[in-house]
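S.K.: My structure is in target.txt, and what it holds is compact mmCIF, C-alpha atoms and all ligand atoms:
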```txt
# COMPACT_ATOMS: atom_id res chain seq x y z
CA MET A 1 6.01 29.39 -1.71
CA ALA A 2 5.20 25.89 -0.60
CA LEU A 3 7.04 23.02 1.01
CA ILE A 4 6.58 19.92 -1.11
CA VAL A 5 7.67 16.32 -0.65
CA ALA A 6 7.99 14.70 -4.10
CA LYS A 7 8.32 10.93 -4.27
CA PHE A 8 9.38 9.11 -7.43
CA GLY A 9 8.51 5.40 -7.65
CA GLY A 10 10.52 2.62 -9.30
CA THR A 11 9.40 3.17 -12.91
CA SER A 12 9.94 6.92 -12.49
CA VAL A 13 13.64 6.32 -11.71
CA ALA A 14 14.03 3.16 -13.83
CA ASP A 15 17.25 4.32 -15.51
CA THR A 16 19.50 7.36 -15.51
CA GLU A 17 17.39 9.13 -18.14
CA ARG A 18 14.28 8.75 -16.01
CA ILE A 19 16.24 10.04 -13.00
CA GLU A 20 17.25 13.08 -15.06
CA ALA A 21 13.64 13.62 -16.12
CA ALA A 22 12.56 13.47 -12.47
CA ALA A 23 15.33 15.90 -11.50
CA ALA A 24 14.07 18.29 -14.19
CA LYS A 25 10.64 18.30 -12.55
CA VAL A 26 12.18 19.02 -9.15
CA MET A 27 14.16 21.85 -10.72
CA ARG A 28 10.92 23.36 -12.08
CA GLU A 29 9.41 23.30 -8.59
CA VAL A 30 12.53 24.90 -7.13
CA LYS A 31 12.51 27.61 -9.82
CA ALA A 32 8.87 28.33 -8.96
CA GLY A 33 10.12 29.14 -5.46
CA HIS A 34 9.17 25.95 -3.62
CA LYS A 35 11.19 24.04 -1.05
CA VAL A 36 11.45 20.40 -2.05
CA VAL A 37 12.28 17.14 -0.32
CA VAL A 38 12.71 14.33 -2.85
CA VAL A 39 12.06 10.70 -1.88
CA VAL A 40 13.17 7.98 -4.26
CA SER A 41 12.46 4.29 -4.74
CA ALA A 42 14.93 1.73 -6.03
CA MET A 43 15.19 1.61 -9.82
CA SER A 44 12.37 -0.62 -11.06
CA GLY A 45 13.10 -4.34 -10.71
CA VAL A 46 16.01 -3.79 -8.31
CA THR A 47 14.14 -4.60 -5.09
CA ASN A 48 12.76 -7.82 -6.60
CA GLN A 49 16.24 -8.79 -7.67
CA LEU A 50 17.63 -8.14 -4.18
CA VAL A 51 14.80 -10.14 -2.59
CA GLY A 52 15.62 -12.93 -5.08
CA HIS A 53 19.24 -12.98 -3.89
CA CYS A 54 18.07 -13.38 -0.28
CA ASP A 55 15.71 -16.23 -1.28
CA ALA A 56 18.54 -17.94 -3.15
CA ILE A 57 20.81 -17.95 -0.10
CA SER A 58 18.30 -18.98 2.54
CA LYS A 59 14.65 -20.03 2.85
CA VAL A 60 14.39 -18.56 6.34
CA TYR A 61 16.79 -15.66 6.17
CA ASP A 62 17.51 -13.27 9.01
CA LEU A 63 15.21 -10.29 8.46
CA ARG A 64 17.83 -7.89 9.84
CA GLU A 65 20.16 -8.87 7.03
CA TYR A 66 17.29 -8.87 4.50
CA ASP A 67 16.79 -5.21 5.42
CA VAL A 68 20.48 -4.46 4.89
CA VAL A 69 20.26 -6.01 1.42
CA VAL A 70 16.96 -4.60 0.15
CA SER A 71 17.45 -1.07 1.47
CA SER A 72 20.51 -0.72 -0.77
CA GLY A 73 18.40 -0.18 -3.91
CA GLU A 74 17.02 3.12 -2.65
CA GLN A 75 20.44 4.25 -1.43
CA ALA A 76 21.86 4.03 -4.95
CA THR A 77 18.98 6.01 -6.46
CA ALA A 78 19.26 8.71 -3.79
CA GLY A 79 22.90 9.38 -4.65
CA LEU A 80 22.14 9.37 -8.36
CA MET A 81 19.22 11.76 -7.90
CA ALA A 82 21.37 14.19 -5.89
CA MET A 83 23.98 14.08 -8.66
CA ALA A 84 21.36 14.64 -11.37
CA LEU A 85 20.03 17.66 -9.46
CA GLN A 86 23.52 19.09 -9.01
CA GLU A 87 24.10 18.63 -12.76
CA VAL A 88 21.18 20.99 -13.51
CA GLY A 89 22.38 23.54 -10.99
CA VAL A 90 20.18 22.61 -8.04
CA GLN A 91 21.87 22.53 -4.64
CA ALA A 92 21.09 19.01 -3.47
CA ARG A 93 22.32 16.48 -0.93
CA SER A 94 21.22 12.93 -0.11
CA TRP A 95 20.46 11.86 3.47
CA LEU A 96 19.96 8.19 4.31
CA GLY A 97 17.29 7.03 6.75
CA TRP A 98 19.75 6.68 9.67
CA GLN A 99 21.35 10.05 8.98
CA ILE A 100 18.11 12.03 9.35
CA PRO A 101 17.14 9.89 11.39
CA ILE A 102 13.84 8.26 10.50
CA HIS A 103 13.14 6.10 13.55
CA THR A 104 11.21 2.87 13.13
CA ASN A 105 10.16 0.03 15.39
CA ASP A 106 12.05 -3.25 15.15
CA MET A 107 9.59 -5.23 12.99
CA HIS A 108 12.25 -5.91 10.39
CA GLY A 109 10.91 -6.32 6.85
CA LYS A 110 7.72 -4.40 7.64
CA ALA A 111 8.75 -1.79 10.18
CA ARG A 112 6.61 1.20 11.09
CA VAL A 113 7.87 4.75 11.28
CA ILE A 114 7.81 6.03 14.85
CA ASP A 115 9.14 9.54 14.33
CA VAL A 116 11.23 11.69 12.05
CA ASP A 117 13.67 14.29 13.26
CA ALA A 118 12.72 17.32 11.18
CA ASP A 119 14.81 20.11 12.79
CA GLU A 120 17.96 19.61 10.75
CA LEU A 121 15.90 19.15 7.58
CA HIS A 122 14.18 22.50 8.12
CA LYS A 123 17.54 24.20 8.55
CA ARG A 124 18.84 22.75 5.32
CA LEU A 125 15.66 23.59 3.41
CA ASP A 126 15.86 27.15 4.74
CA ALA A 127 19.44 27.30 3.46
CA GLY A 128 18.14 26.49 -0.03
CA GLU A 129 19.08 22.81 -0.19
CA VAL A 130 16.96 20.17 -1.90
CA ILE A 131 17.02 17.14 0.38
CA VAL A 132 17.06 13.72 -1.26
CA VAL A 133 15.96 10.79 0.88
CA PRO A 134 15.93 7.11 -0.05
CA GLY A 135 12.44 5.73 0.57
CA PHE A 136 11.62 2.44 2.29
CA GLN A 137 14.29 2.66 5.04
CA GLY A 138 14.69 3.84 8.60
CA VAL A 139 16.70 2.97 11.68
CA THR A 140 15.66 1.05 14.81
CA LYS A 141 16.49 1.80 18.45
CA GLU A 142 19.22 -0.86 18.15
CA ASN A 143 20.76 1.21 15.35
CA ARG A 144 19.85 -1.36 12.68
CA ILE A 145 18.52 -0.49 9.23
CA ALA A 146 14.86 -1.48 8.87
CA THR A 147 12.61 -1.44 5.80
CA LEU A 148 8.96 -0.47 5.73
CA GLY A 149 7.42 -3.31 3.69
CA ARG A 150 6.94 -3.47 -0.07
CA GLY A 151 5.80 -0.18 -1.51
CA GLY A 152 7.16 1.54 1.61
CA SER A 153 8.69 4.56 -0.14
CA ASP A 154 5.20 6.08 -0.23
CA THR A 155 5.20 5.88 3.56
CA THR A 156 8.63 7.50 3.83
CA ALA A 157 7.33 10.39 1.71
CA VAL A 158 4.13 10.92 3.69
CA ALA A 159 5.90 10.51 7.05
CA LEU A 160 8.42 13.18 6.01
CA ALA A 161 5.60 15.44 4.78
CA ALA A 162 3.81 15.03 8.12
CA ALA A 163 6.96 15.67 10.18
CA LEU A 164 7.82 18.77 8.13
CA ALA A 165 4.19 19.99 8.02
CA ALA A 166 4.59 20.11 4.24
CA ASP A 167 1.89 21.69 2.09
CA ARG A 168 1.61 18.63 -0.15
CA CYS A 169 3.07 15.21 -0.80
CA ASP A 170 3.31 14.39 -4.52
CA ILE A 171 3.56 10.71 -5.41
CA TYR A 172 4.91 10.47 -8.96
CA THR A 173 4.26 7.12 -10.61
CA ASP A 174 3.43 5.49 -13.97
CA VAL A 175 -0.29 6.39 -13.95
CA ASN A 176 -1.69 9.92 -13.85
CA GLY A 177 -3.87 9.37 -10.80
CA VAL A 178 -6.05 6.97 -8.87
CA TYR A 179 -8.56 5.25 -11.15
CA THR A 180 -11.93 3.65 -10.55
CA ALA A 181 -10.13 0.31 -11.06
CA ASP A 182 -6.62 -0.75 -12.00
CA PRO A 183 -6.30 0.66 -15.54
CA ARG A 184 -4.25 -2.43 -16.44
CA ILE A 185 -7.33 -4.58 -15.85
CA VAL A 186 -10.16 -2.24 -16.86
CA GLU A 187 -9.52 -0.30 -20.01
CA LYS A 188 -12.51 1.95 -19.40
CA ALA A 189 -11.46 2.89 -15.86
CA GLN A 190 -11.72 6.61 -15.14
CA LYS A 191 -9.39 8.89 -13.28
CA ILE A 192 -10.80 10.17 -9.98
CA ASP A 193 -10.12 13.86 -9.25
CA LYS A 194 -10.49 13.68 -5.49
CA VAL A 195 -10.73 10.71 -3.19
CA SER A 196 -11.17 10.75 0.59
CA TYR A 197 -8.56 9.37 2.96
CA GLU A 198 -11.11 6.81 4.16
CA GLU A 199 -11.82 5.50 0.66
CA MET A 200 -8.14 5.46 -0.25
CA MET A 201 -7.38 3.53 2.94
CA GLU A 202 -9.89 0.88 1.95
CA LEU A 203 -8.73 0.81 -1.66
CA ALA A 204 -5.06 0.54 -0.63
CA SER A 205 -5.74 -2.21 1.87
CA LEU A 206 -7.83 -4.10 -0.69
CA GLY A 207 -5.16 -4.35 -3.36
CA THR A 208 -4.92 -0.91 -4.99
CA LYS A 209 -1.17 -0.73 -4.69
CA VAL A 210 -0.78 2.75 -6.13
CA LEU A 211 -0.26 3.86 -2.50
CA GLN A 212 1.02 1.77 0.38
CA ILE A 213 -1.73 1.53 3.00
CA ARG A 214 0.46 2.82 5.83
CA SER A 215 1.15 6.01 3.86
CA VAL A 216 -2.59 6.70 3.60
CA GLU A 217 -3.02 6.00 7.30
CA ILE A 218 -0.38 8.60 8.20
CA ALA A 219 -1.79 11.07 5.65
CA MET A 220 -5.25 10.70 7.18
CA ASN A 221 -4.08 11.05 10.79
CA LYS A 222 -1.92 14.06 10.07
CA GLU A 223 -4.15 15.51 7.31
CA VAL A 224 -1.37 15.60 4.72
CA PRO A 225 -2.76 16.38 1.25
CA VAL A 226 -1.41 13.68 -1.07
CA GLN A 227 -1.44 13.84 -4.85
CA VAL A 228 -0.92 10.82 -7.13
CA LEU A 229 0.39 11.91 -10.53
CA SER A 230 2.41 10.72 -13.50
CA SER A 231 6.12 11.33 -13.93
CA PHE A 232 5.71 10.49 -17.62
CA GLU A 233 3.65 13.57 -18.48
CA ASP A 234 5.08 17.00 -19.05
CA THR A 235 3.66 18.56 -15.94
CA ILE A 236 4.65 19.14 -12.30
CA GLY A 237 2.84 18.60 -9.02
CA SER A 238 2.16 22.28 -8.41
CA ASN A 239 -0.10 22.32 -11.50
CA LEU A 240 -2.26 19.76 -9.66
CA PRO A 241 -2.78 17.40 -12.60
CA GLY A 242 -3.30 14.20 -10.57
CA THR A 243 -5.70 12.74 -8.02
CA LEU A 244 -5.88 14.49 -4.67
CA VAL A 245 -6.33 12.32 -1.59
CA THR A 246 -8.00 14.58 0.91
CA ARG A 247 -10.58 15.02 3.68
CA GLU A 248 -14.10 13.78 3.06
CA GLU A 249 -15.41 17.29 3.80
CA ASP A 250 -13.46 18.63 0.83
CA ILE A 251 -15.26 16.34 -1.59
CA MET A 252 -18.49 17.72 -3.00
CA GLU A 253 -19.84 14.75 -4.85
CA LYS A 254 -19.86 11.59 -2.80
CA GLN A 255 -20.01 8.50 -4.99
CA THR A 256 -21.91 5.46 -3.80
CA VAL A 257 -19.16 3.34 -5.31
CA SER A 258 -15.87 5.09 -6.09
CA GLY A 259 -13.80 2.15 -7.15
CA VAL A 260 -13.32 -1.58 -7.53
CA ALA A 261 -10.20 -3.19 -6.07
CA CYS A 262 -8.63 -6.57 -6.59
CA SER A 263 -6.09 -8.35 -4.42
CA ARG A 264 -4.29 -11.55 -5.25
CA ASP A 265 -2.21 -11.56 -2.10
CA ASP A 266 -4.56 -13.62 0.01
CA ALA A 267 -4.58 -17.25 1.05
CA LYS A 268 -7.61 -18.98 2.53
CA ILE A 269 -7.21 -21.27 5.53
CA THR A 270 -9.99 -23.46 6.92
CA VAL A 271 -9.75 -25.22 10.26
CA LEU A 272 -12.24 -28.09 10.18
CA ASP A 273 -14.31 -29.27 13.09
CA VAL A 274 -13.32 -26.71 15.69
CA PRO A 275 -15.15 -27.48 18.95
CA ASP A 276 -18.03 -25.00 19.26
CA ARG A 277 -17.30 -23.54 22.68
CA PRO A 278 -16.40 -20.13 24.10
CA GLY A 279 -12.79 -19.03 23.84
CA LEU A 280 -11.74 -21.16 20.88
CA ALA A 281 -11.55 -18.25 18.44
CA ALA A 282 -9.26 -16.40 20.85
CA LYS A 283 -7.12 -19.54 21.24
CA LEU A 284 -6.69 -19.62 17.48
CA PHE A 285 -6.28 -15.96 16.64
CA THR A 286 -4.25 -14.71 19.62
CA PRO A 287 -1.16 -16.82 18.81
CA LEU A 288 -1.46 -15.76 15.17
CA ALA A 289 -1.55 -12.10 16.24
CA ASP A 290 1.42 -12.72 18.57
CA ALA A 291 3.30 -14.05 15.54
CA ALA A 292 2.46 -10.74 13.76
CA ILE A 293 0.28 -12.53 11.20
CA ASN A 294 -2.55 -10.32 9.98
CA ILE A 295 -5.94 -11.95 9.65
CA ASP A 296 -8.35 -10.42 7.21
CA MET A 297 -11.69 -12.04 6.42
CA ILE A 298 -13.15 -14.48 8.96
CA VAL A 299 -16.18 -16.77 8.71
CA GLN A 300 -17.40 -19.10 11.34
CA ASN A 301 -20.62 -20.96 11.02
CA VAL A 302 -22.88 -22.07 13.85
CA SER A 303 -22.54 -25.80 14.20
CA SER A 304 -25.70 -27.69 13.42
CA ASP A 305 -25.09 -30.29 16.14
CA GLY A 306 -23.60 -27.93 18.74
CA GLN A 307 -20.33 -29.90 18.59
CA GLY A 308 -17.95 -28.83 15.89
CA THR A 309 -17.80 -26.05 13.36
CA ASP A 310 -15.49 -24.90 10.56
CA MET A 311 -13.55 -21.67 10.78
CA THR A 312 -12.33 -20.02 7.59
CA PHE A 313 -10.09 -16.97 7.42
CA THR A 314 -7.64 -15.30 5.10
CA VAL A 315 -4.02 -14.25 5.61
CA SER A 316 -1.54 -12.78 3.19
CA ARG A 317 -0.07 -15.45 0.91
CA GLY A 318 3.45 -14.82 2.05
CA GLU A 319 2.43 -15.61 5.63
CA SER A 320 0.27 -18.69 5.06
CA THR A 321 3.03 -21.25 5.71
CA ARG A 322 3.93 -19.51 8.95
CA ALA A 323 0.25 -19.34 9.93
CA LEU A 324 -0.12 -23.10 9.39
CA GLU A 325 2.97 -23.72 11.48
CA VAL A 326 1.62 -21.59 14.33
CA ILE A 327 -1.73 -23.41 14.27
CA GLY A 328 -0.01 -26.81 14.04
CA ASN A 329 1.82 -26.05 17.29
CA LEU A 330 -1.33 -25.23 19.26
CA GLU A 331 -2.46 -27.90 21.72
CA GLU A 332 -6.20 -27.27 21.08
CA PHE A 333 -5.80 -27.66 17.33
CA LYS A 334 -3.21 -30.40 17.11
CA ASP A 335 -5.75 -32.90 15.75
CA ALA A 336 -7.68 -30.43 13.58
CA SER A 337 -7.63 -30.82 9.81
CA LEU A 338 -6.48 -27.76 7.91
CA LEU A 339 -7.33 -26.81 4.34
CA THR A 340 -5.51 -24.08 2.48
CA ALA A 341 -6.04 -22.45 -0.89
CA ASP A 342 -3.84 -19.89 -2.63
CA ASN A 343 -5.90 -19.64 -5.80
CA VAL A 344 -8.26 -17.00 -4.45
CA ALA A 345 -8.73 -13.30 -5.19
CA LYS A 346 -10.45 -10.67 -3.08
CA ILE A 347 -12.65 -8.32 -5.06
CA SER A 348 -14.00 -5.23 -3.32
CA VAL A 349 -16.21 -2.26 -4.07
CA VAL A 350 -15.50 0.91 -2.08
CA GLY A 351 -17.38 4.19 -1.67
CA ILE A 352 -18.24 6.68 1.09
CA GLY A 353 -21.72 7.13 -0.38
CA MET A 354 -22.46 3.52 0.57
CA VAL A 355 -23.23 4.66 4.12
CA SER A 356 -26.44 6.28 2.93
CA HIS A 357 -27.42 3.98 0.04
CA HIS A 358 -28.73 0.47 0.13
CA GLY A 359 -28.71 -2.17 -2.57
CA VAL A 360 -24.96 -2.00 -3.15
CA ALA A 361 -24.33 -5.51 -1.83
CA SER A 362 -27.25 -7.08 -3.66
CA LYS A 363 -26.05 -5.55 -6.92
CA MET A 364 -22.60 -7.02 -6.31
CA PHE A 365 -23.95 -10.51 -5.64
CA ALA A 366 -26.36 -10.38 -8.60
CA THR A 367 -23.60 -9.23 -10.97
CA LEU A 368 -21.27 -12.02 -9.91
CA ALA A 369 -24.09 -14.58 -10.12
CA GLU A 370 -24.88 -13.48 -13.65
CA LYS A 371 -21.27 -14.26 -14.61
CA GLY A 372 -21.43 -17.62 -12.83
CA ILE A 373 -18.80 -16.58 -10.28
CA ASN A 374 -19.07 -18.33 -6.93
CA ILE A 375 -18.57 -16.29 -3.75
CA GLN A 376 -16.52 -18.09 -1.08
CA VAL A 377 -16.36 -15.51 1.73
CA ILE A 378 -17.96 -12.08 2.21
CA SER A 379 -16.89 -9.25 4.48
CA THR A 380 -18.18 -5.71 4.82
CA SER A 381 -17.46 -2.41 6.49
CA GLU A 382 -19.38 0.88 6.35
CA ILE A 383 -17.77 1.86 3.08
CA LYS A 384 -16.77 -1.41 1.40
CA ILE A 385 -17.93 -4.89 0.47
CA SER A 386 -15.38 -7.58 -0.28
CA VAL A 387 -15.85 -11.08 -1.64
CA LEU A 388 -13.38 -13.91 -2.06
CA VAL A 389 -13.63 -15.69 -5.41
CA ASP A 390 -11.63 -18.19 -7.44
CA GLU A 391 -8.55 -16.34 -8.74
CA GLU A 392 -9.32 -17.49 -12.27
CA TYR A 393 -12.34 -15.15 -12.32
CA ALA A 394 -10.65 -12.11 -10.73
CA GLU A 395 -10.42 -9.91 -13.81
CA LEU A 396 -13.83 -10.92 -15.10
CA ALA A 397 -15.32 -9.99 -11.72
CA VAL A 398 -13.56 -6.60 -11.61
CA ARG A 399 -14.72 -5.69 -15.14
CA ALA A 400 -18.29 -6.84 -14.55
CA LEU A 401 -18.59 -4.88 -11.29
CA HIS A 402 -16.97 -1.79 -12.78
CA GLU A 403 -19.60 -1.85 -15.50
CA ALA A 404 -22.48 -2.69 -13.16
CA TYR A 405 -21.85 0.31 -10.90
CA GLY A 406 -21.69 2.63 -13.90
CA LEU A 407 -18.02 3.48 -13.47
CA SER A 408 -16.93 2.76 -17.04
CA GLN A 409 -15.99 5.62 -19.28
CA GLU A 410 -18.29 6.05 -22.27
CA ALA A 411 -16.51 5.37 -25.56
CA ALA A 412 -15.43 8.68 -27.10
P1 LIG A 501 5.53 2.94 -8.11
O1 LIG A 501 6.58 2.01 -8.60
O2 LIG A 501 5.58 4.29 -8.74
O3 LIG A 501 5.45 2.99 -6.63
P2 LIG A 501 3.27 1.13 -8.18
O4 LIG A 501 3.47 0.01 -9.14
O5 LIG A 501 3.49 0.88 -6.75
O6 LIG A 501 4.16 2.36 -8.66
O7 LIG A 501 1.81 1.75 -8.36
C1 LIG A 501 1.33 2.14 -9.61
C2 LIG A 501 0.46 1.05 -10.21
O8 LIG A 501 -0.71 0.86 -9.42
C3 LIG A 501 -0.08 1.37 -11.59
O9 LIG A 501 0.82 1.01 -12.60
C4 LIG A 501 -1.38 0.58 -11.66
O10 LIG A 501 -1.31 -0.57 -12.46
C5 LIG A 501 -1.61 0.12 -10.22
N1 LIG A 501 -2.99 0.36 -9.81
C6 LIG A 501 -3.81 -0.59 -9.25
N2 LIG A 501 -5.01 -0.11 -9.03
C7 LIG A 501 -5.00 1.19 -9.43
C8 LIG A 501 -5.98 2.23 -9.44
N3 LIG A 501 -7.23 2.03 -8.98
N4 LIG A 501 -5.62 3.44 -9.93
C9 LIG A 501 -4.36 3.66 -10.38
N5 LIG A 501 -3.40 2.70 -10.39
C10 LIG A 501 -3.70 1.49 -9.93
N1 LIG A 502 11.60 -0.45 -3.58
C1 LIG A 502 10.62 -0.91 -2.60
C2 LIG A 502 9.66 -1.88 -3.26
O1 LIG A 502 9.80 -2.20 -4.43
C3 LIG A 502 9.88 0.24 -1.98
C4 LIG A 502 9.11 1.12 -2.95
O2 LIG A 502 9.47 1.20 -4.11
O3 LIG A 502 8.15 1.76 -2.51
O4 LIG A 502 8.82 -2.40 -2.60
MG MG A 503 4.47 1.83 -5.17
```
Spit out the file's structure as structure tokens when you get a sec.
M.R.:
Amino acid sequence: MALIVAKFGGTSVADTERIEAAAAKVMREVKAGHKVVVVVSAMSGVTNQLVGHCDAISKVYDLREYDVVVSSGEQATAGLMAMALQEVGVQARSWLGWQIPIHTNDMHGKARVIDVDADELHKRLDAGEVIVVPGFQGVTKENRIATLGRGGSDTTAVALAAALAADRCDIYTDVNGVYTADPRIVEKAQKIDKVSYEEMMELASLGTKVLQIRSVEIAMNKEVPVQVLSSFEDTIGSNLPGTLVTREEDIMEKQTVSGVACSRDDAKITVLDVPDRPGLAAKLFTPLADAAINIDMIVQNVSSDGQGTDMTFTVSRGESTRALEVIGNLEEFKDASLLTADNVAKISVVGIGMVSHHGVASKMFATLAEKGINIQVISTSEIKISVLVDEEYAELAVRALHEAYGLSQEAA
């Protein structure tokens, strides 16, 4: 008998029939003797619609109220899921984020889970109840509802699994696992059986949205085995049909390159003619960090005349206007010229085997050159190489790299 957290994403609860299909899977797990906590997303499209309503009312809305609005999508699905389970004879009850409670910090709109009170949940599970929890939401110290950022239901599921010391966290979605590239872009992408937490962290942070990055971070820290699987196939998590995200030690074959990721969420900002003297980078990036704006890639060149240099960096597109505002208010940069570009894509190759192989970067650059794709910015870590290219070439770049690293499935 295992304790399983099963999360169903938006397309897996898109309408009442899909909710019933998901409930049937939960019932199969319960019949097999497992204890189950179900986490649900809003029905697909609902969160976007709710965000649209906020945008329509105000350009700079109060994030506390945004959280009240957007968290409602998950609440509706949770009640419906509990009803669907009861309909098939499963003892089920929904518990909202504040009722459990799932405590978060007060970064409204992208809050982080601080802790989850698991005692009451254990009691209810022991009494034979299936617990249904709306994903994406928690409660702050001030007793306000907070949401965990887009895709945050994954994080609710993994945080619950960690707090309950669950045996596994199943993430049901519309693909049957993690692929070597987004199967919507690369037809020949292959399903990966096992992927390490480290690789999945990189993939998730580089645009592979099948899991929210924060969920992988918690899974890695707490060693929660996570499985990505399809809710559209006639199987259940306990049959282990999906991709297992697990410890590097549990993976026999370490690929040099495991996957290619693509992100279109970045904006490029260049500050021209920054005086080339100590402390200027801190003067630029500290206020941005204080404004909770994440900086990703950074390039700064040495100035040829020792006077001024250009500084280029990327931020998420949704935060670029705010970033420009912050820079515009800084005394040191008030006369600096700023260039911004939204039409960029970040393409990355990821693999733990990269640590012990060379030539991965040169292959990437040669492949892109062959396709005539210009590289604007490069950044690397031990297990990934990312480049920023013109967005127009994003899919071409992903397909070419997927092929170049031998990841494409042979035609049957
Ligand atoms: P959910 O609504 O269930 O949370 P998401 O849309 O967040 O689902 O995530 C699933 C989607 O992630 C898939 O439909 C797929 O297009 C996309 N995706 C991107 N990259 C990958 C990848 N490497 N492997 C699998 N899916 C990927
Ligand atoms: N419904 C939220 C979103 O669309 C959270 C989630 O589904 O994970 O971002
Ligand atoms: Mg998702």
S.K.: Using all atoms listed in the file, which of A:Thr156, A:Ser316, A:Ser379, A:Gln91 sits nearest ligand MG 503 (chain A)?
M.R.: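 Of A:Thr156, A:Ser316, A:Ser379, A:Gln91, the one nearest ligand MG 503 (chain A), counting all atoms listed in the file, is A:Thr156.
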S.K.: Tell me which protein, DNA and RNA residues are within 10 Å of Leu206 (chain A), counting all atoms listed in the file, leaving out same-chain ones fewer than 2 positions away, and put them as a ChimeraX atom specification.
M.R.: /A:200-204,208-209,213,260-265,346-350,384,386
S.K.: Give me the residues near region 373-377 of chain A as JSON, numbers by chain, where near means some atom within 8 Å (using all atoms listed in the file) and where sequence neighbours in that chain fewer than 3 positions away do not count.
M.R.: {"A": [297, 298, 299, 368, 369, 370, 387, 388, 389, 390, 393, 397]}
S.K.: CA of His358 (chain A) to CA of Val195 (chain A): how many Å, to one decimal?
M.R.: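 Calculated distance between CA of His358 (chain A) and CA of Val195 (chain A) is 21.0 Å.
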S.K.: Would you mind listing what lies within 7 Å of region 361-364 of chain A as a list in words, with only C-alpha atoms counted and same-chain residues fewer than 3 positions away left out?
M.R.: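 Counting only the stated atoms, we get Thr367, Leu368, Ile385 and Leu401 of chain A.
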S.K.: Can you write just those residues out, C-alpha atoms, as a compact mmCIF listing (two decimals), in the coordinates of the input?
M.R.:
```txt
# COMPACT_ATOMS: atom_id res chain seq x y z
CA THR A 367 -23.60 -9.23 -10.97
CA LEU A 368 -21.27 -12.02 -9.91
CA ILE A 385 -17.93 -4.89 0.47
CA LEU A 401 -18.59 -4.88 -11.29
```
S.K.: Which protein, DNA or RNA residues have an atom at most 9 Å from (9.6, 11.3, -17.8), counting only C-alpha atoms? List them as a ChimeraX atom specification.
M.R.: /A:12-13,17-22,25,230-234
S.K.: All residues within 9 Å of ligand LIG 501 (chain A) are required, counting only C-alpha atoms and all ligand atoms; please report them as a PyMOL selection string.
M.R.: chain A and resi 7-13+41-44+150-154+171-185+189-192+203-204+207-212+228+230-231+259-262
S.K.: Let me make sure I understand: among A:Ser215, A:Ser320, A:Ser94, A:Asn221, which one has the smallest atom-to-atom distance to ligand LIG 502 (chain A) if we use all atoms listed in the file?
M.R.: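 Once distances to ligand LIG 502 (chain A) are computed over all atoms listed in the file, the minimum belongs to A:Ser215.
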S.K.: With only C-alpha atoms and all ligand atoms as the atoms that count, which of A:Leu63, A:Val302, A:Leu148, A:Val133 lies nearest to ligand LIG 502 (chain A)?
M.R.: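 Ranking A:Leu63, A:Val302, A:Leu148, A:Val133 by distance to ligand LIG 502 (chain A), first place goes to A:Leu148.
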S.K.: Record the distance separating CA of Leu330 (chain A) and CA of Ala281 (chain A), expressed in Å with one decimal.
M.R.: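 One can read the CA of Leu330 (chain A) to CA of Ala281 (chain A) distance as 12.4 Å.
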S.K.: One decimal, in Å: what's the spacing between CA of Lys35 (chain A) and CA of Val70 (chain A)?
M.R.: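 CA of Val70 (chain A) lies at a distance of 29.2 Å from CA of Lys35 (chain A).
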S.K.: Looking at A:Thr270, A:Thr243, A:Thr47, A:Thr104, which one is nearest to Gln300 (chain A), with distances taken over all atoms listed in the file?
M.R.: A:Thr270
S.K.: Which residue, A:Ala165, A:Val216, A:Ala78, A:Asp273, has the smallest gap to Asp119 (chain A) when you use only C-alpha atoms?
M.R.: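 Comparing A:Ala165, A:Val216, A:Ala78, A:Asp273 against Asp119 (chain A), the winner is A:Ala165.
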S.K.: Go through A:Gly45, A:Pro278, A:Gly89, A:Gly406 and flag the residue nearest ligand MG 503 (chain A), using only C-alpha atoms and all ligand atoms for the distances.
M.R.: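 Result for the nearest residue to ligand MG 503 (chain A): A:Gly45.
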S.K.: Could you give me the centre and size, in Å to one decimal, of an axis-aligned box around all listed atoms of region 166-172 of chain A with 3 Å added on every side, as JSON?
M.R.:
```
{"center_x": 3.3, "center_y": 16.1, "center_z": -2.4, "size_x": 9.3, "size_y": 17.2, "size_z": 19.2}
```
S.K.: What's the 10 Å shell around Asp335 (chain A), counting all atoms listed in the file, without same-chain residues fewer than 6 positions away, as a PyMOL selection string?
M.R.: chain A and resi 272-274+328
S.K.: For Ile114 (chain A), find every residue with an atom within 12 Å (counting all atoms listed in the file), except residues of its own chain fewer than 4 positions away, and show them as an NGL selection string.
M.R.: :A and (101-107 or 138-141 or 146 or 148 or 155-156 or 159-160 or 162-163 or 218)
S.K.: So which residues are close to (0.2, -10.4, 12.1), meaning at most 12 Å away in the file's coordinates with only C-alpha atoms counted, and can you show them as a PyMOL selection string?
M.R.: chain A and resi 107+110+285-296+314-316+318-320+322-323+326
